[in-house]
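What follows is a single structure, written as structure tokens, with notes after it.
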Amino acid sequence: MSEVRSTCPYCGVGCGVILAPGADGLQVRGDPHHPANRGRLCSKGSALAETVGTEGRLLAPRIGGRQTDWETALDHVARRFADTVATHGPDSVAFYASGQMLTEDYYLANKFMKGFVGTANIDTNSRLCMASTVAGHRRAFGTDTVPGTYEDLDDADLVVLVGSNLAWCHPVLHQRVLAAKAARGTKIVVVDPRRTASCNGADLHLPLAIGSDVALFNRLLAAIHEADAVDHGYIASVTGFDAALAAARSADIAPTGLAPDLVESFCRLWIGTERVVTVFSQGVNQSTCGTDKVSAILNCHIATGRIGKPGMGPFSVTGQPNAMGGREVGGLANTLACHLDIENPAHRAAVAGFWSAPRLAATPGLKAVDMFRAVADGRVKALWIMHTNPAATLPEANAVREAITECPFTVVSDVTNATDTARLADVLLPAAAWAEKDGTVTNSDRTISRQRAALTPPGQAKPDWWHIAQVATRMGHAHAFDYVGPSEIFREHAALSGIAGGLGRDFDISGLADLTDADYDALAPTRWPVAARRGGRFFADGLAFHADGKMRMIPVHWSEPVGKTEPRYPFRLNTGRVRDHWHTMTRTGRSARLSAHLAEPFVEIHPEDADRLHIAPDTLVEVSSPTGSAILRATITDAVQPGTLFSPMHWSAETAPSGRIDAMVAAATDPISGQPESKATICAARPFAA
Ligand code: SF4
């Protein structure tokens, strides 16, 4: 087979790769023509070839642990889902999807659940990643539009990283920022409670208290006003300025714990630099006030008109390779395909008509945390989980594991049965892996890229869209799921986006609805929108997608993270990623090179706390919260603040049973976005005594 252009399956940078299958196995290198990376790859992308292979793969369907054939497995799944819906109603079933899924697969899962099963109980692990950004965008813009592009990072004079360890979590973007610094002197500011790898090369680090971002950006908005830096022309078409400013002016920076001089230096730099991009990620999103944090950042850009123009804007970078594609297809329980709104009757009618859907869901479904609560209390009786590992990664993971165990019927589609979740499934459906399947993904700057197959799926593994279409067909919906391949699904999605565009939505790729199969095969990276009626940049004109066409500023107030520290639980536990692992390591764990970087679960603790608790370097520490505990290796470092701990989230029962961090994380969520707080769990630490 000749070389194939595809994309990396890890983070939301969406780097292009060239796959070269050969007698010595698969070779992978960066694609010099892909606009996201221009040939660069990080350590994870460079090691992709080491992570493919048939070892550990699920090669055939299984029911109750026994191997079976596809016909039997699909009939069984369809019958159990249909029986559950018939007996208990559509809301008694649920689907938990993943930002790892390709857009075509994601689209079909949503069509199946929302249009044909008749429930919006389909949510995704992207709820844990960027739901607060979605909610913040929708409040400000009327739709979930990412205003920024990667070129803005090249053109900025100041890049502010908020709750983002870009150097480890989006390394190729970080390289782009460093290249801009070398080329044009771009200044870099890191706003993060921890001193992370992203601080290397930064001009300023603001080690604010966990969860205090709203207080910092409210001060910035007030300082913008004091410095007469408001763009009055731009905000003439914006609503909510006065209320947002009043909230900002009443705010206090004390919750940040930062020295006032440092805050004022930051404000002066931000206000004095027109080309400023504020990049934000999980430190903003994974919070009980994540939506307010996003609004606080957006308010500053809107007030100064620094949005929708080259080299400036708020810019959410997504964790997963297709978090954006999932947002586009309505992968969240409170959205419809193509950025249409489930609460809007005209939008629902448009989707129902387009799909000829017999029972389009009329109300939002259960968001991730609530979905698994409903599994636990018996409201959800049949569950389909695709390419994600909630028994390891959802907050209060022990309770989630228990809920899945007790669920009357659980289906898991995955490439392996060696995950905490797959071990609990009643039915396992073998899925094609990265480099074995075709489709598209959308990266953090709205660029749609093809993922292409270079390898044949092993055993009986099949692509996800096929799993869904086969079950839907067996549930009586053959007419709506009779697809030959992903190109057909892509065209349907693009055609629906044209209807959405006609209803005033931002996501319109109707210009791609007529692609032939050959065009789809050859599709080059393309940033949306792709439609005759739209051109230019979003928001350069100050107009947005609310019914009145106006952008909104939202008044926000700082609130303390839910869960107060107390003598029994005096620490706050911050969780995150390490440089060389991805999620629960089902792929990166196969590479000895990647595993060598940080080989076991650990906890970072400040020297003062370690001293007080008699914790020596590299010894084992027991960390416990009200919901779970873990045994972790101590890393004593002043990169974390006194009273706080940091631990990575990658290890599961499969790889380190005592290192399951999410068993400790409380299932507290942002009331608007439903995103869980993963950065501020109250906990205790003490030397581990075996
Ligand atoms: Fe893959 Fe992200 Fe690394 Fe690019 S930066 S190679 S997309 S993990």
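Each chain in the structure tokens gets a letter, A, B and so on, in the order shown; residues start at 1 in every chain, and ligands are counted from 1 in the order they appear.
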
Using only C-alpha atoms and all ligand atoms, find each residue of chain A with at least one atom at most 10 Å away from an atom of ligand 1; report its shortest atom-to-atom pair and that distance in Å (one decimal), sort the rows by chain and rising residue number, and return the result as a tab-separated table.
residue	atom	partner	partner_atom_place_in_ligand_line	distance
A:Thr7	CA	ligand 1	7 (S)	7.3
A:Cys8	CA	ligand 1	1 (Fe)	4.6
A:Pro9	CA	ligand 1	1 (Fe)	6.3
A:Tyr10	CA	ligand 1	8 (S)	4.6
A:Cys11	CA	ligand 1	2 (Fe)	4.0
A:Gly12	CA	ligand 1	7 (S)	6.0
A:Val13	CA	ligand 1	7 (S)	4.6
A:Gly14	CA	ligand 1	7 (S)	4.2
A:Cys15	CA	ligand 1	4 (Fe)	4.2
A:Gly16	CA	ligand 1	4 (Fe)	7.6
A:Val17	CA	ligand 1	6 (S)	8.1
A:Arg29	CA	ligand 1	6 (S)	9.4
A:Gly30	CA	ligand 1	6 (S)	7.8
A:Ala36	CA	ligand 1	4 (Fe)	8.1
A:Asn37	CA	ligand 1	4 (Fe)	6.9
A:Gly39	CA	ligand 1	6 (S)	9.5
A:Arg40	CA	ligand 1	6 (S)	7.2
A:Leu41	CA	ligand 1	6 (S)	4.1
A:Cys42	CA	ligand 1	3 (Fe)	4.1
A:Ser43	CA	ligand 1	3 (Fe)	6.5
A:Lys44	CA	ligand 1	8 (S)	5.3
A:Gly45	CA	ligand 1	6 (S)	3.7
A:Ser46	CA	ligand 1	6 (S)	6.7
A:Ala47	CA	ligand 1	6 (S)	9.0
A:Leu48	CA	ligand 1	1 (Fe)	8.7
A:Leu166	CA	ligand 1	5 (S)	9.2
A:Ala167	CA	ligand 1	5 (S)	9.1
A:Trp168	CA	ligand 1	5 (S)	8.5
A:Cys169	CA	ligand 1	2 (Fe)	7.2
A:His170	CA	ligand 1	5 (S)	4.8
A:Pro171	CA	ligand 1	5 (S)	4.7
A:Val172	CA	ligand 1	5 (S)	4.3
A:Leu173	CA	ligand 1	5 (S)	6.6
A:His174	CA	ligand 1	5 (S)	8.5
A:Gln175	CA	ligand 1	5 (S)	9.1
A:Gly319	CA	ligand 1	2 (Fe)	8.7
A:Gln320	CA	ligand 1	2 (Fe)	8.5
A:Pro321	CA	ligand 1	7 (S)	6.9
A:Asn443	CA	ligand 1	7 (S)	8.7
A:Arg579	CA	ligand 1	8 (S)	9.1
A:Asp580	CA	ligand 1	8 (S)	8.6
A:His581	CA	ligand 1	8 (S)	9.2
A:Trp582	CA	ligand 1	8 (S)	8.3

Spatial neighbours of range 280-295 of chain A, max dist 8 Å, only C-alpha atoms, sep filter under 2 positions, as a VMD selection string: chain A and resid 128 to 133 135 to 137 139 to 140 161 to 164 192 211 213 to 214 278 297 to 299 314 to 319 553 to 554 556 to 557 559 561 to 562 668 to 673 675 to 680

Tell me, counting only C-alpha atoms, for each residue of range 272-379 of chain A within 12 Å of range 78-90 of chain A, which pair of atoms is nearest and how far apart they are in Å to one decimal, in rows ordered by chain and increasing number, as JSON lines.
{"residue": "A:Arg359", "atom": "CA", "partner": "A:Pro90", "partner_atom": "CA", "distance": 9.7}
{"residue": "A:Leu360", "atom": "CA", "partner": "A:Pro90", "partner_atom": "CA", "distance": 10.7}
{"residue": "A:Ala361", "atom": "CA", "partner": "A:Pro90", "partner_atom": "CA", "distance": 9.1}
{"residue": "A:Ala362", "atom": "CA", "partner": "A:Pro90", "partner_atom": "CA", "distance": 11.6}
{"residue": "A:Gly365", "atom": "CA", "partner": "A:Pro90", "partner_atom": "CA", "distance": 10.7}
{"residue": "A:Gly378", "atom": "CA", "partner": "A:His88", "partner_atom": "CA", "distance": 10.9}
{"residue": "A:Arg379", "atom": "CA", "partner": "A:His88", "partner_atom": "CA", "distance": 8.9}

When DSSP is applied to the backbone of this structure, which of range 8-98 of chain A are assigned strand (DSSP E or B)? Write them out as a list in words.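 Going through range 8-98 of chain A, the strand (DSSP E or B) residues come out as Gly16, Val17, Ile18, Leu19, Ala20, Pro21, Gly22, Gly25, Leu26, Gln27, Val28, Arg29, Gly30, Arg57, Arg62, Ile63, Arg66, Gln67, Val93, Ala94, Phe95, Tyr96 and Ala97 of chain A.
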
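Closest to Glu274 in chain A among A:Ile605, A:Ala156, A:Ala97, A:Ala223 is A:Ala156, based on only C-alpha atoms.
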
Neighbour list for Leu523 in chain A as JSON, numbers by chain, cut-off 9 Å, only C-alpha atoms, skip fewer than 4 positions in-chain: {"A": [449, 450, 515, 518, 519]}

Export, as a PDB file, in the first residue's frame, the selected residues with N, CA and C atoms.
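out_36.pdb was written with the following content:
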ATOM      1  N   SER A 449     -10.300  17.452   9.050  1.00  0.00           N
ATOM      2  CA  SER A 449      -9.260  16.675   8.360  1.00  0.00           C
ATOM      3  C   SER A 449      -9.723  15.239   8.217  1.00  0.00           C
ATOM      4  N   ARG A 450      -9.225  14.592   7.220  1.00  0.00           N
ATOM      5  CA  ARG A 450      -9.541  13.180   7.041  1.00  0.00           C
ATOM      6  C   ARG A 450      -8.663  12.311   7.937  1.00  0.00           C
ATOM      7  N   LEU A 515     -19.709  16.435  -2.359  1.00  0.00           N
ATOM      8  CA  LEU A 515     -18.454  15.747  -2.647  1.00  0.00           C
ATOM      9  C   LEU A 515     -18.734  14.353  -3.200  1.00  0.00           C
ATOM     10  N   ALA A 518     -14.678  10.187  -4.485  1.00  0.00           N
ATOM     11  CA  ALA A 518     -13.271  10.499  -4.781  1.00  0.00           C
ATOM     12  C   ALA A 518     -12.870  11.825  -4.135  1.00  0.00           C
ATOM     13  N   ASP A 519     -13.789  12.812  -4.187  1.00  0.00           N
ATOM     14  CA  ASP A 519     -13.496  14.110  -3.543  1.00  0.00           C
ATOM     15  C   ASP A 519     -13.300  13.919  -2.041  1.00  0.00           C
TER      16      ASP A 519
END
